[in-house]
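Asker: This is the content of structure35.txt (compact mmCIF, C-alpha atoms):
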# COMPACT_ATOMS: atom_id res chain seq x y z
CA ARG G 1 5.51 -28.17 180.70
CA PRO G 2 1.90 -28.50 181.83
CA HIS G 3 1.22 -30.32 185.06
CA HIS G 4 -1.25 -33.17 184.74
CA GLU G 5 -3.09 -34.33 187.86
CA ILE G 6 -4.13 -37.95 188.24
CA PRO G 7 -7.81 -38.16 189.23
CA PRO G 8 -8.48 -40.14 192.41
CA PRO G 9 -9.94 -43.63 191.99
CA PRO G 10 -13.62 -44.19 192.69
CA PRO G 11 -14.58 -45.01 196.31
CA PRO G 12 -15.06 -48.80 195.81
CA ARG G 13 -11.65 -49.21 194.15
CA ARG G 14 -9.97 -46.88 196.65
CA ASN G 15 -11.20 -49.06 199.52
CA SER G 16 -10.63 -52.42 197.77
CA ILE G 17 -14.36 -53.13 197.57
CA HIS G 18 -15.99 -54.77 194.57
CA VAL G 19 -19.06 -53.01 193.20
CA SER G 20 -21.12 -56.20 193.40
CA GLN G 21 -20.66 -56.22 197.19
CA LEU G 22 -22.44 -52.87 197.63
CA THR G 23 -26.12 -52.61 198.53
CA GLN G 24 -28.54 -50.20 196.89
CA GLN G 25 -28.41 -47.95 199.96
CA GLU G 26 -24.59 -47.80 199.82
CA VAL G 27 -24.67 -47.00 196.10
CA ARG G 28 -27.02 -44.08 196.78
CA ASP G 29 -24.79 -42.84 199.60
CA ILE G 30 -21.72 -42.93 197.31
CA MET G 31 -23.58 -41.00 194.61
CA LEU G 32 -24.48 -38.36 197.21
CA GLY G 33 -20.84 -37.99 198.29
CA LYS G 34 -20.63 -40.23 201.35
CA GLU G 35 -17.30 -41.96 202.03
CA ILE G 36 -17.40 -45.72 202.65
CA SER G 37 -14.92 -48.15 204.15
CA SER G 38 -14.44 -51.90 204.06
CA ALA G 39 -15.66 -54.24 206.79
CA GLU G 40 -12.07 -54.78 208.01
CA VAL G 41 -11.56 -51.05 208.52
CA GLN G 42 -14.84 -50.75 210.40
CA GLN G 43 -13.87 -53.66 212.67
CA ASP G 44 -10.51 -52.04 213.42
CA GLU G 45 -12.22 -48.77 214.34
CA ALA G 46 -14.67 -50.59 216.62
CA ARG G 47 -11.78 -52.44 218.27
CA GLU G 48 -9.95 -49.16 218.95
CA ILE G 49 -13.08 -47.68 220.54
CA GLU G 50 -13.46 -50.74 222.80
CA GLU G 51 -9.82 -50.52 223.91
CA LYS G 52 -10.22 -46.83 224.78
CA ALA G 53 -13.35 -47.65 226.77
CA LYS G 54 -11.47 -50.33 228.74
CA LYS G 55 -8.72 -47.83 229.60
CA VAL G 56 -11.28 -45.33 230.82
CA VAL G 57 -12.94 -47.96 233.00
CA ALA G 58 -9.60 -49.09 234.43
CA GLY G 59 -8.69 -45.55 235.49
CA GLY G 60 -12.13 -44.58 236.70
CA VAL G 61 -14.54 -41.91 235.60
CA ASP G 62 -15.52 -38.73 237.42
CA VAL G 63 -19.31 -38.42 237.42
CA THR G 64 -20.80 -35.02 238.26
CA THR G 65 -24.44 -34.74 239.28
CA VAL G 66 -26.68 -32.00 240.64
CA ASN G 67 -29.15 -32.80 243.41
CA LYS G 68 -32.53 -31.18 243.93
CA ARG G 69 -30.99 -28.46 246.10
CA GLY G 70 -28.68 -27.36 243.29
CA GLU G 71 -25.54 -28.77 244.95
CA THR G 72 -22.90 -30.19 242.58
CA ILE G 73 -21.56 -33.59 243.62
CA THR G 74 -18.56 -35.25 241.90
CA VAL G 75 -17.94 -38.94 242.50
CA ARG G 76 -15.16 -41.09 241.00
CA GLN G 77 -16.57 -44.38 239.75
CA THR G 78 -14.27 -47.37 239.16
CA LYS G 79 -16.79 -50.18 238.72
CA THR G 80 -18.29 -50.96 235.32
CA PHE G 81 -21.84 -51.32 236.64
CA GLU G 82 -21.54 -48.01 238.50
CA ILE G 83 -20.49 -46.20 235.35
CA GLY G 84 -23.25 -47.88 233.39
CA ALA G 85 -25.82 -46.72 235.92
CA PHE G 86 -24.80 -43.12 235.32
CA THR G 87 -24.21 -43.26 231.55
CA ASN G 88 -27.25 -45.37 230.68
CA SER G 89 -29.42 -42.33 230.11
CA THR G 90 -31.29 -40.88 227.14
CA THR G 91 -29.17 -39.59 224.26
CA TRP G 92 -31.61 -36.90 223.25
CA ARG G 93 -28.90 -34.22 223.07
CA VAL G 94 -26.86 -36.24 220.57
CA ARG G 95 -29.97 -37.06 218.55
CA ALA G 96 -31.03 -33.42 218.57
CA ALA G 97 -27.71 -32.51 216.97
CA ALA G 98 -28.14 -35.30 214.41
CA ASN G 99 -31.58 -33.99 213.51
CA ALA G 100 -29.95 -30.84 212.15
CA SER G 101 -29.22 -32.76 208.93
CA LEU G 102 -32.85 -33.77 208.36
CA SER G 103 -33.42 -30.78 206.10
CA LEU G 104 -30.75 -32.18 203.76
CA ARG G 105 -31.93 -35.78 203.90
CA VAL G 106 -35.51 -34.96 202.97
CA GLN G 107 -34.36 -33.38 199.71
CA ASN G 108 -33.94 -36.90 198.30
CA ILE G 109 -37.09 -39.00 198.65
CA TYR G 110 -37.33 -42.30 196.77
CA ALA G 111 -39.89 -45.08 196.44
CA ALA G 112 -39.04 -48.51 197.83
CA ASP G 113 -37.35 -50.94 195.42
CA ALA G 114 -40.13 -53.49 195.96
CA ALA G 115 -42.67 -51.12 194.40
CA ALA G 116 -41.06 -51.50 190.96
CA GLU G 117 -42.03 -55.19 190.89
CA LEU G 118 -45.77 -54.55 191.36
CA GLY G 119 -48.21 -54.88 188.48
CA ASP G 120 -50.51 -52.29 186.97
CA ASP G 121 -53.43 -53.43 189.13
CA ALA G 122 -51.68 -52.45 192.39
CA ASP G 123 -52.95 -49.51 194.43
CA ILE G 124 -51.11 -46.20 194.05
CA ILE G 125 -50.68 -43.59 196.78
CA VAL G 126 -49.49 -40.14 195.68
CA PHE G 127 -47.86 -37.86 198.26
CA PRO G 128 -47.28 -34.11 197.88
CA LYS G 129 -43.53 -33.65 198.14
CA THR G 130 -43.66 -30.38 200.07
CA VAL G 131 -46.00 -31.78 202.73
CA LEU G 132 -43.96 -34.97 203.09
CA GLN G 133 -40.76 -32.97 203.47
CA ARG G 134 -42.34 -30.71 206.09
CA PHE G 135 -43.47 -33.77 208.05
CA LEU G 136 -40.04 -35.41 207.94
CA ARG G 137 -38.26 -32.23 209.06
CA CYS G 138 -40.04 -32.33 212.42
CA CYS G 139 -39.22 -36.02 213.06
CA ASP G 140 -36.42 -37.74 214.94
CA VAL G 141 -33.67 -40.00 213.61
CA ALA G 142 -34.32 -42.72 216.21
CA THR G 143 -37.94 -42.32 217.36
CA SER G 144 -40.96 -43.30 215.29
CA ILE G 145 -43.39 -40.49 214.48
CA VAL G 146 -46.86 -41.13 213.02
CA ALA G 147 -49.45 -39.11 211.16
CA VAL G 148 -52.82 -39.99 209.65
CA CYS G 149 -53.04 -39.58 205.87
CA TYR G 150 -56.17 -37.96 204.44
CA GLY G 151 -56.81 -38.06 200.72
CA MET G 152 -59.18 -38.65 197.85
CA ALA G 153 -59.45 -40.93 194.83
CA VAL G 154 -58.13 -39.78 191.47
CA PRO G 155 -61.03 -39.51 188.96
CA ASP G 156 -59.01 -40.80 186.00
CA HIS G 157 -57.45 -43.69 187.91
CA PRO G 158 -59.66 -45.64 190.35
CA GLN G 159 -56.62 -47.45 191.84
CA ALA G 160 -54.82 -44.19 192.70
CA ARG G 161 -55.38 -41.95 195.72
CA GLU G 162 -53.84 -38.56 196.39
CA VAL G 163 -52.83 -37.57 199.90
CA ARG G 164 -53.86 -33.98 200.56
CA CYS G 165 -53.47 -33.77 204.34
CA LEU G 166 -51.34 -35.21 207.15
CA LEU G 167 -52.89 -35.08 210.62
CA MET G 168 -50.34 -35.26 213.43
CA PRO G 169 -52.08 -36.45 216.61
CA PRO G 170 -50.63 -35.98 220.10
CA GLN G 171 -48.31 -38.95 220.45
CA GLN G 172 -45.53 -40.59 222.38
CA GLY G 173 -43.06 -42.22 220.02
CA ARG G 174 -40.74 -45.15 220.64
CA MET G 175 -38.12 -46.99 218.61
CA GLY G 176 -40.53 -48.96 216.42
CA SER G 177 -44.02 -47.69 217.25
CA ALA G 178 -45.98 -44.80 218.71
CA THR G 179 -48.95 -44.35 221.04
CA PHE G 180 -51.66 -41.84 220.13
CA PRO G 181 -55.46 -41.40 220.47
CA THR G 182 -56.94 -43.59 217.77
CA ARG G 183 -60.30 -41.78 217.54
CA LEU G 184 -59.79 -39.34 214.67
CA PRO G 185 -60.99 -35.75 215.03
CA GLY G 186 -62.89 -33.76 212.43
CA HIS G 187 -62.16 -30.44 210.76
CA GLU G 188 -63.95 -28.20 208.30
CA LEU G 189 -61.08 -28.39 205.80
CA LEU G 190 -61.40 -32.17 205.64
CA THR G 191 -65.14 -32.00 205.15
CA SER G 192 -65.12 -29.20 202.56
CA GLN G 193 -62.52 -30.96 200.39
CA GLY G 194 -64.05 -34.42 200.76
CA LEU G 195 -60.94 -35.95 202.31
CA GLU G 196 -61.08 -39.34 204.01
CA PRO G 197 -58.48 -41.27 206.07
CA ILE G 198 -56.53 -43.60 203.77
CA GLY G 199 -53.69 -44.74 206.02
CA VAL G 200 -51.14 -44.07 208.75
CA ILE G 201 -47.56 -43.00 207.98
CA ARG G 202 -44.71 -43.87 210.37
CA THR G 203 -41.01 -43.03 210.30
CA GLN G 204 -38.28 -45.56 211.03
CA GLY G 205 -34.51 -45.97 210.81
CA GLY G 206 -32.45 -46.27 207.64
CA GLY G 207 -32.63 -49.09 205.12
CA GLU G 208 -35.70 -50.31 203.29
CA PRO G 209 -39.11 -49.40 204.77
CA VAL G 210 -40.73 -52.45 206.34
CA ALA G 211 -44.28 -52.83 207.68
CA THR G 212 -44.12 -54.46 211.11
CA THR G 213 -46.61 -56.20 213.38
CA ALA G 214 -46.79 -52.96 215.38
CA ASP G 215 -48.02 -51.19 212.23
CA LEU G 216 -50.78 -53.76 211.74
CA ALA G 217 -51.86 -53.49 215.39
CA MET G 218 -51.89 -49.71 215.05
CA LEU G 219 -54.11 -49.91 211.95
CA GLY G 220 -56.43 -52.30 213.77
CA ALA G 221 -56.82 -49.87 216.68
CA VAL G 222 -57.68 -47.00 214.32
CA LEU G 223 -60.17 -49.13 212.37
CA ALA G 224 -61.85 -50.29 215.58
CA ASP G 225 -62.45 -46.72 216.82
CA ASN G 226 -63.61 -45.31 213.46
CA ASP G 227 -66.45 -47.30 211.90
CA SER G 228 -66.56 -45.26 208.70
CA LEU G 229 -63.13 -46.43 207.49
CA ASN G 230 -62.69 -49.03 204.76
CA PRO G 231 -60.29 -51.75 206.02
CA GLN G 232 -59.39 -52.86 202.47
CA THR G 233 -58.03 -49.45 201.45
CA PHE G 234 -56.53 -48.35 204.78
CA ALA G 235 -52.74 -48.61 204.27
CA ALA G 236 -49.60 -48.61 206.39
CA VAL G 237 -47.01 -46.18 204.99
CA ASN G 238 -43.41 -46.43 206.23
CA VAL G 239 -40.63 -43.90 205.66
CA ALA G 240 -37.05 -45.05 206.24
CA VAL G 241 -34.87 -42.04 207.13
CA GLY G 242 -31.35 -42.85 205.95
CA ASN G 243 -28.06 -40.98 206.24
CA ALA G 244 -28.54 -39.11 202.97
CA ASP G 245 -32.07 -39.80 201.75
CA CYS G 246 -35.53 -41.11 202.64
CA THR G 247 -37.31 -44.15 201.20
CA VAL G 248 -41.10 -44.54 201.22
CA GLY G 249 -43.07 -47.79 201.06
CA ALA G 250 -46.76 -48.62 201.53
CA ALA G 251 -48.97 -51.68 201.90
CA ALA G 252 -52.69 -52.15 202.48
CA LEU G 253 -54.24 -54.91 204.55
CA SER G 254 -55.31 -58.18 202.97
CA ASP G 255 -58.37 -60.11 204.17
CA SER G 256 -56.26 -62.13 206.59
CA GLY G 257 -54.38 -58.97 207.61
CA VAL G 258 -57.59 -57.20 208.60
CA GLY G 259 -58.53 -60.04 210.91
CA TRP G 260 -55.05 -60.24 212.43
CA ALA G 261 -54.94 -56.47 212.99
CA MET G 262 -58.31 -56.41 214.72
CA ASP G 263 -57.36 -59.33 216.97
CA HIS G 264 -54.03 -57.76 218.03
CA ARG G 265 -55.04 -54.09 218.22
CA ASN G 266 -54.73 -54.06 222.03
CA ALA G 267 -51.49 -56.04 222.18
CA PRO G 268 -48.59 -54.23 223.90
CA ALA G 269 -45.91 -52.92 221.57
CA ALA G 270 -42.90 -55.23 221.24
CA THR G 271 -39.43 -54.00 222.15
CA VAL G 272 -38.00 -55.27 218.85
CA ALA G 273 -40.01 -54.60 215.70
CA THR G 274 -41.01 -57.81 213.88
CA PRO G 275 -41.75 -57.70 210.14
CA ALA G 276 -45.36 -58.45 209.34
CA ASP G 277 -46.40 -61.63 207.56
CA PRO G 278 -46.45 -60.98 203.77
CA GLU G 279 -49.80 -62.77 203.56
CA HIS G 280 -51.32 -60.01 205.70
CA LEU G 281 -50.21 -57.23 203.33
CA ALA G 282 -51.12 -56.02 199.87
CA PRO G 283 -48.15 -53.89 198.70
CA ALA G 284 -48.93 -50.59 197.00
CA LYS G 285 -46.97 -48.18 194.84
CA VAL G 286 -45.89 -44.81 196.20
CA LEU G 287 -45.37 -41.67 194.11
CA VAL G 288 -44.01 -38.33 195.35
CA SER G 289 -45.23 -35.44 193.23
CA ASP G 290 -44.45 -31.73 193.07
CA ARG G 291 -47.82 -30.98 191.45
CA VAL G 292 -49.99 -32.22 194.32
CA GLU G 293 -50.56 -29.73 197.13
CA GLY G 294 -51.68 -30.30 200.69
CA PHE G 295 -51.54 -29.15 204.30
CA ILE G 296 -50.84 -30.44 207.82
CA LEU G 297 -53.17 -30.47 210.82
CA VAL G 298 -51.70 -30.29 214.33
CA PRO G 299 -53.31 -30.23 217.81
CA SER G 300 -54.80 -26.88 218.71
CA GLN G 301 -52.37 -26.36 221.61
CA GLY G 302 -49.47 -26.63 219.15
CA SER G 303 -47.48 -29.32 220.96
CA TRP G 304 -47.86 -32.85 219.59
CA ASN G 305 -44.76 -34.61 220.99
CA TYR G 306 -45.07 -36.30 224.42
CA HIS G 307 -41.77 -38.17 224.23
CA PHE G 308 -40.29 -36.07 227.07
CA ARG G 309 -43.32 -36.04 229.37
CA PRO G 310 -46.16 -38.33 230.42
CA PRO G 311 -49.05 -38.54 227.94
CA SER G 312 -51.94 -36.33 229.02
CA TRP G 313 -54.21 -36.24 225.98
CA GLY G 314 -57.84 -37.30 225.99
CA LYS G 315 -59.86 -39.36 223.55
CA ALA G 316 -61.08 -36.21 221.80
CA TYR G 317 -58.89 -33.28 220.71
CA ASP G 318 -59.14 -30.36 218.30
CA VAL G 319 -56.79 -29.66 215.41
CA ARG G 320 -55.85 -26.66 213.31
CA PRO G 321 -53.76 -26.18 210.13
CA ASP G 322 -50.23 -25.17 210.96
CA VAL G 323 -46.57 -26.05 210.50
CA PRO G 324 -45.70 -28.75 213.07
CA LEU G 325 -43.07 -27.93 215.66
CA GLU G 326 -39.78 -29.78 215.39
CA PHE G 327 -39.25 -32.83 217.60
CA TYR G 328 -36.97 -31.08 220.12
CA ASN G 329 -38.87 -27.80 220.31
CA ALA G 330 -38.95 -26.19 223.77
CA LYS G 331 -42.74 -26.52 223.98
CA HIS G 332 -42.43 -30.31 223.87
CA ARG G 333 -40.06 -30.55 226.85
CA PRO G 334 -40.93 -28.00 229.55
CA LEU G 335 -39.50 -30.26 232.28
CA HIS G 336 -36.01 -29.85 230.86
CA PHE G 337 -36.14 -26.09 231.39
CA THR G 338 -37.78 -26.45 234.80
CA ASN G 339 -34.99 -28.72 236.00
CA PHE G 340 -32.41 -26.34 234.57
CA VAL G 341 -33.89 -23.38 236.44
CA ARG G 342 -34.01 -25.38 239.66
CA ALA G 343 -30.38 -26.39 239.28
CA MET G 344 -29.17 -22.86 238.56
CA ASN G 345 -31.43 -20.94 240.97
CA PRO G 346 -32.75 -23.31 243.65
CA GLU G 347 -33.96 -20.47 245.89
CA GLU G 348 -35.93 -18.69 243.15
CA ALA G 349 -37.42 -21.99 241.95
CA GLY G 350 -38.67 -22.81 245.44
CA VAL G 351 -36.32 -25.75 245.93
CA GLY G 352 -34.56 -26.09 249.23
CA GLY G 353 -34.27 -23.45 251.96
CA ASP G 354 -36.99 -22.68 254.48
CA GLU G 355 -39.81 -22.54 251.91
CA HIS G 356 -40.71 -26.18 252.51
CA GLU G 357 -42.92 -26.77 255.53
CA SER G 358 -41.92 -29.56 257.83
CA PRO G 359 -44.56 -32.28 258.18
CA PHE G 360 -43.58 -32.66 261.85
CA ALA G 361 -44.08 -28.98 262.74
Mind turning this structure into structure tokens?

Answerer:
Amino acid sequence: RPHHEIPPPPPPRRNSIHVSQLTQQEVRDIMLGKEISSAEVQQDEAREIEEKAKKVVAGGVDVTTVNKRGETITVRQTKTFEIGAFTNSTTWRVRAAANASLSLRVQNIYAADAAAELGDDADIIVFPKTVLQRFLRCCDVATSIVAVCYGMAVPDHPQAREVRCLLMPPQQGRMGSATFPTRLPGHELLTSQGLEPIGVIRTQGGGEPVATTADLAMLGAVLADNDSLNPQTFAAVNVAVGNADCTVGAAALSDSGVGWAMDHRNAPAATVATPADPEHLAPAKVLVSDRVEGFILVPSQGSWNYHFRPPSWGKAYDVRPDVPLEFYNAKHRPLHFTNFVRAMNPEEAGVGGDEHESPFA
């Protein structure tokens, strides 16, 4: 007698979730094989994690540190604020491990849902898929990375522009913005192909891509330092890097948006990103094509990421065509290796011992 297997129910039914309660992002994740759970299950898991944390705090935590002389010191902390002082550090190691899946996420790039509602008179920005994927592979899951888009108008379609180059300036990224020299450099490849700056692309967390006030201030700073740019066609492009895919959205500046951006170009970046006023934006359509080709320009020294060190770039810098280094490449964080050498070999690194001269000698 043949044995018949009963197929498992679909994820929404298996978790007692109605399909109408799912968002578009969750539907995409299910189609790509991600397992979902109901809100009650997620709350129970969060409650279990909190209870385990309370038990750890009640019993104390052994904190091990290494001083500048390479000596290992272990201290048992029992106070919550003492533990927080030691554990409230950067999570770059965890994020570096999470970045290993970027090569899989960038295989699925979609346009934002809001772009489908735009009319035929809306601007169109076409990205080469290979260049966009190469740019996203060197990004971070939690830190914003920016690049300047260079392109040209499509002869058959005056509203469409093709991106042929992404210029990655030296930059220091944060959660919702990035700092970089706003005066754009020149290169013979840009001049020979007739490419002009058409916008700035920035990565952000999962969900729908949203243009923020920081994006408008960033566009205003670039427009102020480059007189040849057209404010009406200079767009803000946002890429939301999700758990299983990437979503791209774009918007140019309206007349009121140009004035607001120029007035706030020197404003300090906010800790929490605030969505920009819709009246300041003119949404544009985004297409990702396999037929369009392009290249990437990086700083001549190779390193573009100053997230792990103080910014030391000048107003002017040279660029060259190359594949950008990944976010956690060793060339971006030399201090990490210097500290490691000092901790392992304090005598060879010149730390401690009799190599230091006494100021009272």

Asker: In the coordinates of the file, take the point (-35.4, -35.9, 196.0) and a cut-off of 9 Å; then, counting all atoms listed in the file, name each qualifying protein, DNA or RNA residue as number ranges by chain.

Answerer: G: 105-110, 129, 245-246, 288

Asker: Write out the residues from the selection above, keeping C-alpha atoms, as a PDB file, in the frame of the given file.

Answerer:
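Contents of the output file part03.pdb:
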ATOM      1  CA  ARG G 105     -31.930 -35.780 203.900  1.00  0.00           C
ATOM      2  CA  VAL G 106     -35.510 -34.960 202.970  1.00  0.00           C
ATOM      3  CA  GLN G 107     -34.360 -33.380 199.710  1.00  0.00           C
ATOM      4  CA  ASN G 108     -33.940 -36.900 198.300  1.00  0.00           C
ATOM      5  CA  ILE G 109     -37.090 -39.000 198.650  1.00  0.00           C
ATOM      6  CA  TYR G 110     -37.330 -42.300 196.770  1.00  0.00           C
ATOM      7  CA  LYS G 129     -43.530 -33.650 198.140  1.00  0.00           C
ATOM      8  CA  ASP G 245     -32.070 -39.800 201.750  1.00  0.00           C
ATOM      9  CA  CYS G 246     -35.530 -41.110 202.640  1.00  0.00           C
ATOM     10  CA  VAL G 288     -44.010 -38.330 195.350  1.00  0.00           C
TER      11      VAL G 288
END

Asker: With distances taken over all atoms listed in the file, which of G:Ala147, G:Ile73, G:Thr179, G:Pro158 is nearest to G:Pro197?

Answerer: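 Among the listed residues, the smallest separation from G:Pro197 belongs to G:Ala147.
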
Asker: Produce a table with one row for each residue of stretch 267-347 of chain G that has an atom at most 9 Å from any atom of stretch 131-141 of chain G, each row naming the nearest atom pair and its distance in Å at one decimal; use all atoms listed in the file; arrange rows by chain and rising residue number; format as a Markdown table.

Answerer:
| residue | atom | partner | partner_atom | distance |
| --- | --- | --- | --- | --- |
| G:Val288 | CA | G:Leu132 | CA | 8.4 |
| G:Glu293 | CA | G:Val131 | CA | 7.5 |
| G:Gly294 | CA | G:Val131 | CA | 6.2 |
| G:Phe295 | CA | G:Val131 | CA | 6.3 |
| G:Ile296 | CA | G:Val131 | CA | 7.2 |
| G:Val323 | CA | G:Arg134 | CA | 7.7 |
| G:Pro324 | CA | G:Cys138 | CA | 6.7 |
| G:Leu325 | CA | G:Cys138 | CA | 6.2 |
| G:Glu326 | CA | G:Cys138 | CA | 3.9 |
| G:Phe327 | CA | G:Cys138 | CA | 5.3 |
| G:Tyr328 | CA | G:Cys138 | CA | 8.4 |

Asker: For atom CA of G:Tyr150 and atom CA of G:Phe127, quote the distance in Å rounded to one decimal.

Answerer: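 Separation between atom CA of G:Tyr150 and atom CA of G:Phe127: 10.4 Å.
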
Asker: Extract, using all atoms listed in the file, all DNA, RNA and protein residues at most 9 Å from G:Gly173, discarding same-chain residues fewer than 2 positions from it, and format them as a ChimeraX atom specification.

Answerer: /G:143-146,171,175-180,305-307

Asker: Using only C-alpha atoms, pick whichever of G:Ala261, G:Ala252, G:Val210, G:Leu219 has the shortest atom-to-atom distance to G:Ala112.

Answerer: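 Among the listed residues, G:Val210 lies closest to G:Ala112.
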